[in-house]
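Each remark here refers to the structure printed beneath this line.
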Amino acid sequence: MDKSKRRFIKGAAVTGGVGLFAAGYSHTLGQIGKGVVNGSSGKITQDPIHGNSLAPEYKVDLQTGQLIGNDEQRIANTMCLGCWTKCGVRARIDQKTDKIIRISGNPYHPLSAREHIDFDTPIKTALVGLSAYQEQGLQGRSTACARGNAMLEQLDSPHRVTQCLKRVGPRGSGQWQSISFEQLLTEVVDGGDLFGEGEVEGLRAIRDISTPLDANNPEYGPKANQLLVSNASDEGRDVIIKRFTFNSFGTRNFANHGAYCGFTYRAGAGALLDDLKKYAHLKPDWDNSEFLLFIGTSPQQSGNPFKRQSRQLANARVDGREFSYVVVSPMLPNTSNQPCAGNNTWLPIRPATDSALAMGMLRWIIDNKRYASAFLTAPNAEAAKAAGFRGFSNASFLIINTPHHPRYGQYLYASDLGLPFEGKAYGEQDSPLVVDAATGQILPAGQCAKAQLEVEQSVNTPKGKLSVKSSFQLLSEAARSVEMADYAKECDISEAQIAALAHKFTSHGTKAAVISHGGTMSANGFYSAWAIMMLNAMIGNLNLKGGAIAKGGTFPAFGAGPRYNLQDFDGMVEPKGVFLSRSKFPYEKTSEYRRKVEAGESPYPSKEPWYPISSPLLGEHLTAAVHGYPYRLKAWINHMGNPIYGQAGLGEAIGEQLKDPKVLPLFISIDSFINETSALSDYIIPDTLTYESWGWSAAWHGTLTKEATGRWPIVEPRVAKTANGDVICMESFLSQVAIKLNLPGFGDNAVKAADGSLHPLTRAADFSLYGAANVAYLGKPVADINAEDMYFSGVGRIQAELNARLKPEEVKKVSYLFARGGRFENIRAGRDEAGNPCKVWPKPLMLWNPEVGSRRNSLSGEYMSGCPRLYQPSLADGTPLKQAFDKSQWPLLISSYKSHTMSSMSIGSDRLRQVHPNNPVRINEQTATRLGINTGDTVKISTPNGSVVALVECVAGVHPDCIAIEHGYGHKELGAREIVIDKVKIAANPLIRVGINMNDLNLFDPSRHGRYPLVDWASGASARQGLPAKIEKIG
Amino acid sequence: MDKSKRQFLGKMASVSVGAALIPVVQVSAQGQSLGNTSNNVSDGQAGKRYGMVIDLRRCVGCQACTVACTIENQPPLGQFRTTVQQYEVSQQDASTPPAFLMLPRLCNHCENPPCISICPTGATFQRKDGIVVVNNEWCVGCGYCVHACPYDARFINHETKSADKCTFCAHRLEAGLLPACVETCVGEARVIGDLNDPNSQISQLLKANQADIKVLKPDANTAPRVFYIGMNRAFEDRINGQAPVRTLLTDTGEEIHHGH
């Protein structure tokens, strides 16, 4: 029978997909009446047929391919910031009004085109390539997503901040006065009785890099650490913020949004890749894989780079090769594609139980010996290469397993056995050891061609016997510590399904891969993500065509570059001390620990958890500052960050305290809009939008070739200017603060060129312009711009700024870059002749990571597992959530998902929001029936410390235990509320308020001492998946 | 029945009644249109026949086309010339999980368009290149075409008070460019081209996927020129009432309009 006939259609559209279809024919009816009475009575359009459609930006003769420009518009290639993918876009700008009228993709940019055009293509040729001439534009299309198309509306939004604001009345009151940039600078630097509420210490007083902030705990560092600087993330302007923060001001405390974005995934991937510094991760080779598994991510819906990977996935579905995928998620994700049903399947899973599935698969693969033995037994790169692989693992490396041994959990080294080694013991040249498969001898990993995989033995060392196990042995034991039936029960996926999935995953050689992301942001997230990513190690797909691949890299703008040294400067400060979030620093090195040991007490638990393997965590920085452990803040400068909206429970936990100047004496925000966090500040400095500012960013991942995205003011910035005529924005503020404080690294002679000359860092554009020159001259310098490229690219408007700072020869090359929106390696450079990626991840995959396995949980004092294992989502003290919150009272689990249309900062766009105006909560229809709830009902959703009122949709595509909430809605600021500036009201837009924010559903960790939102116990990342909850119908 | 459906059906019913009661006196007084052939109105390129293929296997449901169209063509907020609706499709076999179908829709630029014959003023006409357009200077906003269109592709523009719909971005095609929805289509699902040219990509796609080409509402005998690849037969007729005009409900079920 025809497959299609066996299916039946569910019924109504899923209203949540694009907004409820409550029809609005009432207007139409009205018009019918009017039309009959008055004739054609509406507003006159520009053209009777084309209405008010935009005039084309250029014309291309379909016979000759000749391009004729439109002098009333210009086209500019720059960067999008609708989300954090940071695609290259091309904007159309009306010459008369200087407004951006439409945005699409930059054809030179690898994140926007499937196969980006060569970098040396003339701009005019690139434009013809997008047209209908010879239908070139169909293959060559370079796209923007829904957000990317719509973000232009932000430029002239009535809710923008365009001048310096100072609060009037209490923090968060929404009452502001505008002040000059110069007044703001004086007040925040020198302090004083700024608000009639008493003295406030200014930045000058806080900047003390020699006096310890706490004499009893000198490891906390100097007083300067009481300034926190945060940046939402690196949108191409991060380096100058870090320069100011770390190396000029000299505070240790900096953070971005990672802790409430997808840090569990990055940390888990970093643990696998032996990179707990930058937390590298891998992406599948979309164009060549045969089977892909997505657990806790929906690549056709969000993720990074969402647009590129969606396009590649769409292409993979139809390009004729053997290809299929499974997407594991508590809710049916947009990655599901019914027309290709059979080749793609949604596998529903109970929220926050991904690790049970992944560990179950690992166990099945190990039990059934379905792993790539030749890969795992290769203890070094050469041995792996000989076996046909392009990377290796530490599966055979020996780990010290003697309890209470000071080096428990770490590698057994040559130096431990008295074997010859170079350098320092346990240093980089000391060698980890393996057991040779042929001889049973213990050998340095680098000298063994094939090692034994399963090892459990004791070895004699000059200091006595040590018990050792191989990494693989430890992982196997961890996987086998739970029965398959229990894994299945935990994640609600049957044993047979787990086995079938593991079988499928291991049936394509190295042409398969698994990835994850924000779905692992749960209270066991780090180990979940590591377990998921570990599946890649089982098939040895690293660096191989069709497998898991490394990113292509960038042309770094802000290093010690070929033209300007933007990395080092005279007098640069090395920041010292413990991060507020207690990250990257083991508790065992603190004075607190020492004092307890000296007093004969157990050093555990620490007062609050420490996160030895984590990057700085913005949420934990803030809760630390409010609670005063390890210490308090005196000032916070926040650029664009919005943790109050973005982190589950944070607003409810500390929002009120942040309003109290006694808790946080000075709070300065730099932002183009007032978000839920900057609404609480004392001052707001306006900031330039991506279309108005300078910067250099790189793709997070997903391109095989090197790329650097250049952004530049394609329109006149809408913000006010300083007395010196510079644009007021983040760069000008930080530069002028530094100059006023006489800090190193800014001012007239702050930047050294390669020829030894010194250059100023005083204006908003400076740092990025020097960076542009570096990008232009890296390797083989780029060409000079010609007149035709200049005409068709809109870079004419920035020539004066380029000439003011750069040398004439640099201006021509930098113009060439900006005309193309950055610098991009040609696509052919991405792969070798065999189709394997040229860029490889060089380090071993870590089945056991000694850096993790030798650290302890600072509350329990127990070692953290050095390999993935099943941990339940739990409180910081290890109490499982299931136990802490009774299922009879909290029968459901919250799970959030990223929107395919709305990011956390895009709600202000009318043309975007109208497409998907609301985020009704989705629950399973059978669960709904049981609870007497119907689609369209108003419900109250509660978690132990919060509740929201929401509209509900009852659908088949949600796990029965799950309440699924789309992120990006339920804003309280960004225009959702009326504010007053200089006694003038700026009206609220009620449409911005619509929907709910999952992060208003709070769960404070009862095992901690104060109001701390629940985080992953191992990494400190926000836990927003799997929060216990209940739902009640109220209307 | 759920609230949204109830509201929806209520309004549909009133539309039908309302349309039936409109007096036709003034409408017929407009007579036949002659203005559409005058020089200031574009009537397309002779010899071409534009059509579109939408490959649903490629559609990623991202709504880039929807937004690009509304920015390019500037209809009032809340009114759309193209939409992408998202359907949750269940399987009869209860153990198979549901899947999503994303269904982009727009004017089908039919070969046999019911909107033209019903237009009392001749404002709606078909260009030489097959594109069906509305001359808004002739349109009286009677709404007959809105109801005659089996695809809900038309609406009365709140600002111009005349019938409005997709033009395949005729203004861009005339400039040798691609329609907004096509050039920003992330999944490369939308392909526009000349059906009269056997070598065009659209003709080639139609040929290569001959067995899997469908149109919406084939029984309406409209001969649509928007073709779908990968569409389940069950969807051919399941598009009633999902109009290109939207309002939205707040969390407590109240209706809000998009600023008009």
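All residue names refer to the structure tokens as shown: chains lettered A, B, ... in order, residues numbered from 1 in each chain, ligands numbered from 1 in order.
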If you run DSSP on the backbone, which residues of range 47-182 of chain B are strand (DSSP E), as a PyMOL selection string? chain B and resi 50-55+83-89+99-105+124-126+132-134+155-156+163-164
Selection export as a compact mmCIF listing (two decimals), in the first residue's frame, atoms kept: N, CA and C atoms:
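selection.txt written:
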# COMPACT_ATOMS: atom_id res chain seq x y z
N TYR B 50 5.85 32.43 -16.03
CA TYR B 50 6.49 32.20 -14.73
C TYR B 50 5.71 31.22 -13.87
N GLY B 51 6.44 30.41 -13.17
CA GLY B 51 5.87 29.49 -12.19
C GLY B 51 6.85 29.28 -11.07
N MET B 52 6.42 28.58 -10.04
CA MET B 52 7.33 28.30 -8.92
C MET B 52 7.21 26.84 -8.50
N VAL B 53 8.36 26.28 -8.17
CA VAL B 53 8.37 24.96 -7.54
C VAL B 53 8.82 25.14 -6.10
N ILE B 54 8.11 24.51 -5.19
CA ILE B 54 8.54 24.53 -3.79
C ILE B 54 8.82 23.09 -3.37
N ASP B 55 10.06 22.84 -3.08
CA ASP B 55 10.48 21.49 -2.69
C ASP B 55 10.36 21.36 -1.17
N THR B 83 2.98 32.86 3.23
CA THR B 83 3.08 32.34 4.60
C THR B 83 3.72 30.96 4.54
N VAL B 84 4.22 30.54 5.68
CA VAL B 84 4.67 29.14 5.80
C VAL B 84 3.99 28.58 7.03
N GLN B 85 3.08 27.65 6.80
CA GLN B 85 2.40 27.07 7.94
C GLN B 85 3.01 25.72 8.30
N GLN B 86 2.89 25.45 9.58
CA GLN B 86 3.60 24.30 10.13
C GLN B 86 2.57 23.31 10.66
N TYR B 87 2.58 22.10 10.10
CA TYR B 87 1.61 21.09 10.48
C TYR B 87 2.29 19.94 11.22
N GLU B 88 1.69 19.56 12.30
CA GLU B 88 2.15 18.35 12.98
C GLU B 88 1.38 17.18 12.38
N VAL B 89 2.09 16.26 11.79
CA VAL B 89 1.47 15.15 11.09
C VAL B 89 1.63 13.89 11.91
N ALA B 99 5.55 14.03 12.84
CA ALA B 99 6.59 14.76 12.12
C ALA B 99 6.02 16.11 11.71
N PHE B 100 6.89 17.02 11.34
CA PHE B 100 6.44 18.35 10.91
C PHE B 100 6.44 18.46 9.39
N LEU B 101 5.38 19.10 8.89
CA LEU B 101 5.39 19.52 7.50
C LEU B 101 5.32 21.04 7.48
N MET B 102 6.23 21.66 6.78
CA MET B 102 6.20 23.10 6.60
C MET B 102 5.63 23.36 5.21
N LEU B 103 4.57 24.15 5.14
CA LEU B 103 3.91 24.36 3.85
C LEU B 103 3.89 25.84 3.47
N PRO B 104 4.83 26.23 2.61
CA PRO B 104 4.82 27.62 2.12
C PRO B 104 3.66 27.81 1.15
N ARG B 105 3.00 28.95 1.26
CA ARG B 105 1.88 29.23 0.36
C ARG B 105 1.95 30.66 -0.15
N THR B 124 -8.29 42.85 -11.58
CA THR B 124 -7.43 41.67 -11.54
C THR B 124 -7.26 41.15 -12.96
N PHE B 125 -6.04 40.97 -13.35
CA PHE B 125 -5.82 40.43 -14.71
C PHE B 125 -4.54 39.60 -14.75
N GLN B 126 -4.38 38.87 -15.80
CA GLN B 126 -3.20 38.02 -15.96
C GLN B 126 -2.28 38.67 -17.00
N VAL B 132 -0.53 36.80 -12.24
CA VAL B 132 -1.83 37.39 -11.97
C VAL B 132 -1.63 38.58 -11.03
N VAL B 133 -2.10 39.73 -11.44
CA VAL B 133 -1.89 40.94 -10.65
C VAL B 133 -3.20 41.71 -10.47
N VAL B 134 -3.13 42.69 -9.58
CA VAL B 134 -4.29 43.56 -9.33
C VAL B 134 -3.87 44.99 -9.63
N PHE B 155 -6.06 39.14 0.09
CA PHE B 155 -6.64 39.85 1.23
C PHE B 155 -6.92 41.28 0.79
N ILE B 156 -7.77 41.94 1.57
CA ILE B 156 -7.98 43.36 1.31
C ILE B 156 -6.95 44.12 2.14
N ALA B 163 -7.69 44.86 -3.16
CA ALA B 163 -7.21 43.47 -3.08
C ALA B 163 -5.70 43.44 -3.25
N ASP B 164 -5.07 42.58 -2.49
CA ASP B 164 -3.61 42.52 -2.49
C ASP B 164 -3.20 41.05 -2.48
Nearest to Cys166 in chain B, chosen from B:Ala94, B:Val140, B:Leu77, B:Cys107, with only C-alpha atoms counted in the distances: B:Cys107
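The gap separating CA of Glu656 in chain A from CA of Glu197 in chain A is 17.2 Å, in Å to one decimal.
The closest residue to chain B, picked from A:Thr251, A:Gln736, A:Gln163, A:Ser329 and counting only C-alpha atoms, is A:Ser329.
Once Arg81 in chain B and its same-chain neighbours fewer than 6 positions away are set aside, B:Thr66, B:Cys69, B:Thr70, B:Pro75, B:Leu106, B:Cys107, B:Ala153, B:Arg154, B:Asp164, B:Lys165, B:Cys166, B:Pro244 remain within 8 Å of it when counting only C-alpha atoms.
Within the 12 Å cut-off around Gly198 in chain A, using only C-alpha atoms and omitting residues fewer than 3 positions from it on the same chain, the listed residues are Gly191, Gly192, Asp193, Leu194, Phe195, Glu201, Pro661, Lys662, Pro665 and Leu666 of chain A.
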Pick out the residues sitting within 7 Å of Pro920 in chain A, and hand them over as a PyMOL selection string; count only C-alpha atoms, and ignore anything fewer than 5 positions along from it in its own chain. chain A and resi 16+950-953+995
Selected residues written out, C-alpha atoms, as an mmCIF file, in the first residue's frame:
data_model
loop_
_atom_site.group_PDB
_atom_site.id
_atom_site.type_symbol
_atom_site.label_atom_id
_atom_site.label_comp_id
_atom_site.auth_asym_id
_atom_site.auth_seq_id
_atom_site.Cartn_x
_atom_site.Cartn_y
_atom_site.Cartn_z
ATOM 1 C CA GLY A 16 2.560 27.644 17.835
ATOM 2 C CA ALA A 950 0.379 31.068 29.726
ATOM 3 C CA LEU A 951 -1.660 30.075 26.719
ATOM 4 C CA VAL A 952 -1.445 26.362 26.010
ATOM 5 C CA GLU A 953 -1.431 24.110 22.953
ATOM 6 C CA GLY A 995 4.042 35.344 25.750
#
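With only C-alpha atoms taken into account, the protein and nucleic acid residues at most 7 Å from Phe824 in chain A (excluding it and anything under 5 positions from it in its own chain) are A:His109, A:Phe119, A:Lys706, A:Glu707, A:Ala708.
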List every residue of range 37-248 of chain B that DSSP, applied to the backbone, labels as helix (DSSP H, G or I), and write the result as a PyMOL selection string. chain B and resi 37+64-73+114-118+144-148+170-174+180-183+201-208+210-212+218-220+233-235
With distances taken over only C-alpha atoms, the candidate from A:Asn231, A:Ser157, A:Asn849, A:Thr64 nearest Gly270 in chain A is A:Asn849
For range 199-202 of chain B, please output as number ranges by chain all residues within 8 Å (counting only C-alpha atoms; exclusion window: fewer than 3 positions along the same chain). A: 135; B: 51-53, 191-195, 205-206
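The smallest atom-to-atom distance between Leu56 in chain B and any of A:Asn565, A:Thr722, A:Gln338, A:Asn945, using only C-alpha atoms, is found for A:Gln338.
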Calculated over only C-alpha atoms, which of the candidates B:Ile118, B:Ile131, B:Ile71, B:Ile213 has the smallest distance to Leu173 in chain B? B:Ile131
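Remark: for Gln63 in chain B, the closest of the candidate residues B:Asn221, B:Thr82, B:Met231, B:Gly122 is B:Thr82 (distances computed over only C-alpha atoms).
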